[in-house]
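Below is one structure, written out as structure tokens, with a few remarks after it.
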Amino acid sequence: MKKKAVVAAGHEAVTGAAALILEAGGNAFDAVVAAGFAGTVAEQMLTSLGGGGFALARTADQQEIFFDFFVDTPGLGLETSQLEPHFYPIKVEFGGSDQEFNIGLGSVAVPGTLKGLLHIHERLGRMPLSEVIEPAVILAEGHRINAFQAEFIRLLRPILTMTAPGRTLYEPDGALLRAGATLEVPELAAFLRQLAEDKGKEFYCGEIAHLIDQEMRNGDGLLTAEDLGAYRVIERKPLRVPYHGHTLLTAPDLGGSLVGLSLFLQEKIGEVAGSLEQWGSPEYLLRTLGLMQEVERLRKQGVDSPQTLADFIAGRDSEASVGRMRRFSRGTTHISVADSRGNIASMTCSNGEGSGYFVPGTGIMLNNMMGEDDLHPDGFHAEPPGQRVRSMMSPSALLYENEVKLVFGSGGSKRIRTALSQVLTQYVDFKRDLVEAVQAPRLHWDDDGGVLQIEPGIDAQAIAAVQKQVPINLWDDRNVYFGGVHAVMPGVGGVGDPRRGGSVAVVEL
């Protein structure tokens with residue numbers, strides 16, 4: 001009987017890259033790294049070697065590692081007290097909701113994706129690095145833009161065309177690239193080719209680092225060569241969250257803690273209520289609204305880390321939370337891989353929306369993580385240099401009796417935690433199959449706007465009942481705004497979220 005390896009991601013070229021590596025004998029970690037490199041070419045609007053991310057790895061012998069290669073705050077060796085960073089806002093229109101982001105050289109944090117991918121491969125991969133990177137090289141030499149990425153190019157046009165390198169790539173003849181056009185990034189192809197030997201040394205410690213430093217100083221940016229040279233990937237133990245007889249492995253940071261908080265409160269309110277409401281009913285919507293509002297309230301009170309989550313669960317404060325809930329009865333991409341040997345990898349990467357600044361000679365646009373308001377609750381540029389920035393990204397896996405049942409994660413900025421918790425609730429509590437769980441309409445409590453965002457597909461009577469409690473914005477379509485949960489069931493199959501161009505590959509070995 002043939003064994004199956006499964007990949008789910010946000011682009012067919014990304015799942016294709018991982019599938020090629022699996023077919024060639026690579027393991028889940030080779031495949032997720034290949035997909036990560038491929039994504040920085042095919043999903044340039046969502047991820048970049050100049051961004052940051054996280055990966056959850058669980059090996060066949062049950063070793064669990066959470067790789068943190070998210071961004072650091074910049075400015076080491078720089079006198080910033082008199083510096084006015086190159087930093088300004090733009091508005092991105094999602095269709096049903098607008099969101100403001102900040103870009104420019106002053107929005108760039110210390111990038112970690114390149115070093116993270118190389119670190120994961122060195123730590124757990126088995127194939128030669130040159131072979132793992134080759135699918136990304138081929139894509140950088142030229143690939144057709146699909147409709148999903150073309151729409152992102154349109155949305156992010158002010159960022160992509162901020163500088164001459166961006167205009168050369170995305171407006172080669174004075175007109176913005178559209179679906180079906182070929183995107184060629186020869187400088188990125190050349191940069192990728194030399195990585196097997198260089199291992200990122202030029203980018204973090206060599207001539208490229210010094211070029212970045214010089215241009216940042218000349219352009220009022222904050223990223224320095226000292227920042228790049230000091231960057232390190234951090235290995236952590238994943239956060240383990242019990243939920244209805246299962247165990248969730250997730251990010252031991254902000255995002256994973258908030259997902260864990262949501263699941264804990266969901267379980268508590270279920271114990272009090274005694275039974276589940278019908279999915280999509282007024283009671284279900286009101287409970288979900290109350291849950292999201294309570295998580296947001298607790299986050300603002302500081303329940304936003306593994307330790308504060310553990311303290312909250314151990315205390316009696318949860319009873320008050322249940323009482324309050326009962327009154328209501330960024331650009332990011334994700335890759336999930338399960339190989340045929342029992343290894344799994346779940347990886348979420350982001351470039352924010354991109355800063356608009358391209359590293360000379362590489363075709364790599366750096367991130368704008370210093371301009372993401374949800375990452376900097378104390379204000380922009382408030383943290384000292386060299387601090388690891390916290391994130392909502394939460395690559396995860398679901399275990400039952402110590403066996404991996406689901407590998408999943410999502411992009412979506414502030415909507416990541418609500419997307420993940422709703423899919424998990426669908427899958428575990430409502431016993432829906434994975435396709436239904438991922439495609440079901442989603443809700444998100446927009447605390448900034450004081451409005452409940454709802455995808456179409458919910459019963460009108462249920463929506464009317466909720467509208468008596470809070471303002472509602474009902475979307476016309478199921479939208480990228482609500483995240484993109486790409487998930488696989490080891491040895492069975494997977495689902496790529498259509499909200500974010502989802503794609504699945506099954507490799508029989």
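Letters A, B, ... go to the chains of the structure tokens in the order shown; residues in each chain start at 1; ligands are counted from 1 in the same order.
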
Would you mind writing down, as a ChimeraX atom specification, each residue of stretch 217-367 of chain A that DSSP on the backbone assigns to strand (DSSP E)?
/A:234-236,239-243,246-250,332-338,344-350,358-359,364-365

Excluding stretch 120-127 of chain A and any residue of its chain fewer than 2 positions from it, enumerate the residues within 8 Å of it, using only C-alpha atoms, and give them as a PyMOL selection string.
chain A and resi 25-27+29-30+33+67+116-118+129+131-132

Could you write those residues out with N, CA and C atoms, as a short mmCIF file (atom, residue, chain, number, x, y, z; two decimals), in the first residue's frame?
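Done, and the output landed in out-v6.cif:
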data_model
loop_
_atom_site.label_atom_id
_atom_site.label_comp_id
_atom_site.auth_asym_id
_atom_site.auth_seq_id
_atom_site.Cartn_x
_atom_site.Cartn_y
_atom_site.Cartn_z
N GLY A 25 12.58 12.31 -2.52
CA GLY A 25 13.09 11.65 -1.33
C GLY A 25 13.32 12.55 -0.14
N GLY A 26 12.99 13.83 -0.29
CA GLY A 26 13.14 14.75 0.83
C GLY A 26 12.09 14.52 1.90
N ASN A 27 12.37 15.02 3.09
CA ASN A 27 11.40 14.89 4.18
C ASN A 27 10.54 16.15 4.28
N PHE A 29 10.70 18.59 6.19
CA PHE A 29 11.44 19.82 6.48
C PHE A 29 12.15 20.34 5.22
N ASP A 30 12.69 19.42 4.41
CA ASP A 30 13.18 19.82 3.09
C ASP A 30 12.04 20.46 2.30
N VAL A 33 10.95 23.96 3.53
CA VAL A 33 11.96 24.97 3.18
C VAL A 33 11.89 25.29 1.68
N PHE A 67 10.46 26.99 15.71
CA PHE A 67 11.51 27.87 15.20
C PHE A 67 10.97 29.29 15.10
N GLY A 116 16.05 31.88 8.78
CA GLY A 116 15.19 30.84 9.31
C GLY A 116 15.10 29.63 8.41
N LEU A 117 14.89 29.86 7.11
CA LEU A 117 14.81 28.74 6.16
C LEU A 117 16.12 27.96 6.12
N LEU A 118 17.23 28.66 6.11
CA LEU A 118 18.52 27.98 6.10
C LEU A 118 18.74 27.19 7.39
N LEU A 129 21.08 21.39 -0.13
CA LEU A 129 20.40 22.68 -0.15
C LEU A 129 20.17 23.18 -1.57
N GLU A 131 19.44 21.54 -4.21
CA GLU A 131 18.24 20.91 -4.78
C GLU A 131 16.97 21.46 -4.16
N VAL A 132 17.02 21.79 -2.89
CA VAL A 132 15.86 22.33 -2.19
C VAL A 132 15.50 23.72 -2.71
#

All alpha helix (DSSP H) residues (DSSP, backbone) inside stretch 55-136 of chain A, as a PyMOL selection string
chain A and resi 113-124+129-136

Go ahead and save the picked residues with all heavy atoms, as a compact mmCIF listing (two decimals), in the first residue's frame.
# COMPACT_ATOMS: atom_id res chain seq x y z
N THR A 113 13.59 35.72 7.70
CA THR A 113 13.13 34.58 6.90
C THR A 113 14.28 33.82 6.24
O THR A 113 14.32 32.59 6.27
CB THR A 113 12.12 35.04 5.83
OG1 THR A 113 10.97 35.57 6.49
CG2 THR A 113 11.70 33.88 4.94
N LEU A 114 15.20 34.53 5.63
CA LEU A 114 16.32 33.87 4.96
C LEU A 114 17.08 33.00 5.94
O LEU A 114 17.34 31.81 5.69
CB LEU A 114 17.25 34.90 4.32
CG LEU A 114 18.54 34.35 3.73
CD1 LEU A 114 18.26 33.30 2.66
CD2 LEU A 114 19.41 35.48 3.17
N LYS A 115 17.44 33.57 7.07
CA LYS A 115 18.20 32.79 8.05
C LYS A 115 17.36 31.66 8.62
O LYS A 115 17.88 30.56 8.90
CB LYS A 115 18.72 33.70 9.17
CG LYS A 115 19.63 32.99 10.16
CD LYS A 115 20.49 33.95 10.97
CE LYS A 115 21.71 34.43 10.20
NZ LYS A 115 22.70 35.11 11.07
N GLY A 116 16.05 31.88 8.78
CA GLY A 116 15.19 30.84 9.31
C GLY A 116 15.10 29.63 8.41
O GLY A 116 15.19 28.48 8.86
N LEU A 117 14.89 29.86 7.11
CA LEU A 117 14.81 28.74 6.16
C LEU A 117 16.12 27.96 6.12
O LEU A 117 16.11 26.72 6.11
CB LEU A 117 14.47 29.27 4.77
CG LEU A 117 13.08 29.91 4.60
CD1 LEU A 117 12.92 30.48 3.19
CD2 LEU A 117 11.97 28.92 4.91
N LEU A 118 17.23 28.66 6.11
CA LEU A 118 18.52 27.98 6.10
C LEU A 118 18.74 27.19 7.39
O LEU A 118 19.29 26.08 7.37
CB LEU A 118 19.64 29.02 5.91
CG LEU A 118 19.65 29.75 4.55
CD1 LEU A 118 20.63 30.91 4.58
CD2 LEU A 118 19.99 28.79 3.42
N HIS A 119 18.31 27.75 8.50
CA HIS A 119 18.49 27.09 9.80
C HIS A 119 17.66 25.81 9.88
O HIS A 119 18.15 24.75 10.34
CB HIS A 119 18.07 28.05 10.91
CG HIS A 119 18.23 27.51 12.30
ND1 HIS A 119 19.38 27.70 13.05
CD2 HIS A 119 17.40 26.75 13.06
CE1 HIS A 119 19.24 27.11 14.22
NE2 HIS A 119 18.05 26.52 14.25
N ILE A 120 16.41 25.86 9.45
CA ILE A 120 15.54 24.67 9.48
C ILE A 120 16.14 23.56 8.61
O ILE A 120 16.18 22.39 9.01
CB ILE A 120 14.13 25.01 9.00
CG1 ILE A 120 13.44 25.97 9.98
CG2 ILE A 120 13.29 23.75 8.83
CD1 ILE A 120 12.17 26.60 9.44
N HIS A 121 16.63 23.94 7.43
CA HIS A 121 17.22 22.93 6.54
C HIS A 121 18.45 22.30 7.18
O HIS A 121 18.62 21.08 7.15
CB HIS A 121 17.60 23.54 5.19
CG HIS A 121 18.25 22.55 4.28
ND1 HIS A 121 19.62 22.44 4.17
CD2 HIS A 121 17.72 21.59 3.47
CE1 HIS A 121 19.89 21.46 3.33
NE2 HIS A 121 18.77 20.93 2.89
N GLU A 122 19.31 23.12 7.75
CA GLU A 122 20.53 22.58 8.36
C GLU A 122 20.20 21.69 9.55
O GLU A 122 20.85 20.67 9.78
CB GLU A 122 21.43 23.73 8.80
CG GLU A 122 22.75 23.27 9.40
CD GLU A 122 23.66 24.42 9.78
OE1 GLU A 122 23.25 25.59 9.64
OE2 GLU A 122 24.79 24.14 10.22
N ARG A 123 19.17 22.06 10.27
CA ARG A 123 18.81 21.35 11.50
C ARG A 123 18.11 20.01 11.22
O ARG A 123 18.40 19.01 11.87
CB ARG A 123 17.89 22.27 12.32
CG ARG A 123 17.48 21.74 13.66
CD ARG A 123 18.57 21.96 14.70
NE ARG A 123 18.01 21.91 16.02
CZ ARG A 123 17.64 20.80 16.65
NH1 ARG A 123 17.79 19.62 16.06
NH2 ARG A 123 17.14 20.84 17.87
N LEU A 124 17.17 20.00 10.25
CA LEU A 124 16.33 18.82 10.08
C LEU A 124 16.25 18.28 8.66
O LEU A 124 15.70 17.20 8.45
CB LEU A 124 14.89 19.14 10.55
CG LEU A 124 14.72 19.48 12.04
CD1 LEU A 124 13.28 19.92 12.30
CD2 LEU A 124 15.09 18.30 12.92
N LEU A 129 21.08 21.39 -0.13
CA LEU A 129 20.40 22.68 -0.15
C LEU A 129 20.17 23.18 -1.57
O LEU A 129 19.12 23.77 -1.86
CB LEU A 129 21.22 23.70 0.65
CG LEU A 129 20.63 25.10 0.77
CD1 LEU A 129 19.25 25.06 1.45
CD2 LEU A 129 21.58 26.02 1.54
N SER A 130 21.13 22.93 -2.45
CA SER A 130 20.99 23.40 -3.83
C SER A 130 19.74 22.81 -4.50
O SER A 130 19.04 23.50 -5.25
CB SER A 130 22.23 23.04 -4.65
OG SER A 130 22.45 21.64 -4.64
N GLU A 131 19.44 21.54 -4.21
CA GLU A 131 18.24 20.91 -4.78
C GLU A 131 16.97 21.46 -4.16
O GLU A 131 15.94 21.60 -4.84
CB GLU A 131 18.31 19.39 -4.57
CG GLU A 131 19.44 18.72 -5.34
CD GLU A 131 19.47 17.21 -5.13
OE1 GLU A 131 18.38 16.63 -4.92
OE2 GLU A 131 20.57 16.63 -5.16
N VAL A 132 17.02 21.79 -2.89
CA VAL A 132 15.86 22.33 -2.19
C VAL A 132 15.50 23.72 -2.71
O VAL A 132 14.33 24.08 -2.81
CB VAL A 132 16.13 22.36 -0.66
CG1 VAL A 132 15.05 23.13 0.07
CG2 VAL A 132 16.22 20.93 -0.13
N ILE A 133 16.51 24.49 -3.08
CA ILE A 133 16.30 25.86 -3.55
C ILE A 133 15.95 25.91 -5.03
O ILE A 133 15.33 26.87 -5.50
CB ILE A 133 17.56 26.72 -3.27
CG1 ILE A 133 17.79 26.86 -1.76
CG2 ILE A 133 17.47 28.09 -3.90
CD1 ILE A 133 19.08 27.55 -1.40
N GLU A 134 16.29 24.89 -5.79
CA GLU A 134 16.16 24.93 -7.25
C GLU A 134 14.76 25.30 -7.75
O GLU A 134 14.63 26.08 -8.71
CB GLU A 134 16.60 23.60 -7.85
CG GLU A 134 16.60 23.56 -9.37
CD GLU A 134 17.56 24.55 -10.01
OE1 GLU A 134 18.51 24.98 -9.33
OE2 GLU A 134 17.35 24.91 -11.18
N PRO A 135 13.66 24.78 -7.16
CA PRO A 135 12.35 25.20 -7.65
C PRO A 135 12.13 26.71 -7.57
O PRO A 135 11.51 27.31 -8.46
CB PRO A 135 11.37 24.46 -6.74
CG PRO A 135 12.12 23.24 -6.30
CD PRO A 135 13.54 23.71 -6.14
N ALA A 136 12.66 27.35 -6.53
CA ALA A 136 12.53 28.80 -6.39
C ALA A 136 13.36 29.52 -7.45
O ALA A 136 12.95 30.56 -7.98
CB ALA A 136 12.97 29.23 -4.99

For each of A:Asp433, A:Val359, A:Leu83, A:Leu298, take the minimum atom-to-atom distance to A:Tyr204, counting only C-alpha atoms, then give the residue where this is smallest.
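Smallest distance to A:Tyr204 is found for A:Val359.
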
Report as a PyMOL selection string all protein, DNA and RNA residues lying within 12 Å of A:Gly501, evaluated on only C-alpha atoms, omitting residues in the same chain fewer than 5 positions from it.
chain A and resi 8-15+42-43+46+145-152+333-334+411+478-480+483-486+495-496

Kindly indicate which residue among A:Ala18, A:Leu406, A:Leu286, A:Ile454 lies nearest to A:Val504, using only C-alpha atoms for the distances.
A:Ala18

Choose the residue, out of A:Asp459, A:Asp311, A:Asp61, A:Glu401, that has the smallest atom-to-atom separation from A:Leu474; count only C-alpha atoms.
A:Asp459

Within 7 Å of stretch 262-265 of chain A using only C-alpha atoms, minus same-chain residues under 4 positions, as number ranges by chain
A: 243, 258, 269, 291, 295, 421

Using only C-alpha atoms: which of A:Ala31, A:Val438, A:Leu22, A:Leu289 has the shortest distance to A:Pro471
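Among the listed residues, A:Leu289 lies closest to A:Pro471.
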
Using only C-alpha atoms, which of the listed residues (A:Gln99, A:Pro384, A:Gly245, A:Ala38) sits closest to A:Ile138?
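That would be A:Ala38, the residue with the smallest distance to A:Ile138.
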
Report, in Å with one decimal, the straight-line distance from atom CA of A:Gln467 to atom CA of A:Glu296.
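Atom CA of A:Glu296 lies at a distance of 19.5 Å from atom CA of A:Gln467.
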
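Distances to A:Ala19 were evaluated for A:Gln453, A:Gln461, A:Ser336, A:Asn473 using only C-alpha atoms, and the minimum falls at A:Ser336.
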
Report the distance between atom CA of A:Ala57 and atom CA of A:His444 in Å, rounded to one decimal place.
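Between atom CA of A:Ala57 and atom CA of A:His444 the gap works out to 28.6 Å.
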
Using only C-alpha atoms, find each residue of stretch 329-420 of chain A with at least one atom at most 12 Å away from an atom of stretch 100-107 of chain A; report its shortest atom-to-atom pair and that distance in Å (one decimal), sort the rows by chain and rising residue number, and return the result as CSV.
residue,atom,partner,partner_atom,distance
A:Arg330,CA,A:Phe101,CA,9.2
A:Gly331,CA,A:Phe101,CA,10.8
A:Asn351,CA,A:Ser107,CA,11.3
A:Gly352,CA,A:Phe101,CA,8.8
A:Glu353,CA,A:Phe101,CA,7.6
A:Gly354,CA,A:Ile103,CA,7.1
A:Ser355,CA,A:Ile103,CA,4.6
A:Gly356,CA,A:Gly104,CA,6.2
A:Tyr357,CA,A:Leu105,CA,6.4
A:Phe358,CA,A:Leu105,CA,9.8
A:Val359,CA,A:Leu105,CA,11.0
A:Met365,CA,A:Leu105,CA,10.8
A:Leu366,CA,A:Leu105,CA,8.9
A:Asn367,CA,A:Ser107,CA,7.4
A:Asn368,CA,A:Ser107,CA,4.6
A:Met369,CA,A:Ser107,CA,6.2
A:Met370,CA,A:Ser107,CA,4.5
A:Gly371,CA,A:Asn102,CA,4.5
A:Glu372,CA,A:Phe101,CA,6.1
A:Asp373,CA,A:Phe101,CA,7.6
A:Asp374,CA,A:Phe101,CA,10.2
A:Leu375,CA,A:Phe101,CA,11.5
A:His376,CA,A:Ser107,CA,11.7
A:Phe380,CA,A:Ser107,CA,9.0
A:His381,CA,A:Ser107,CA,8.9
A:Ser413,CA,A:Phe101,CA,11.5
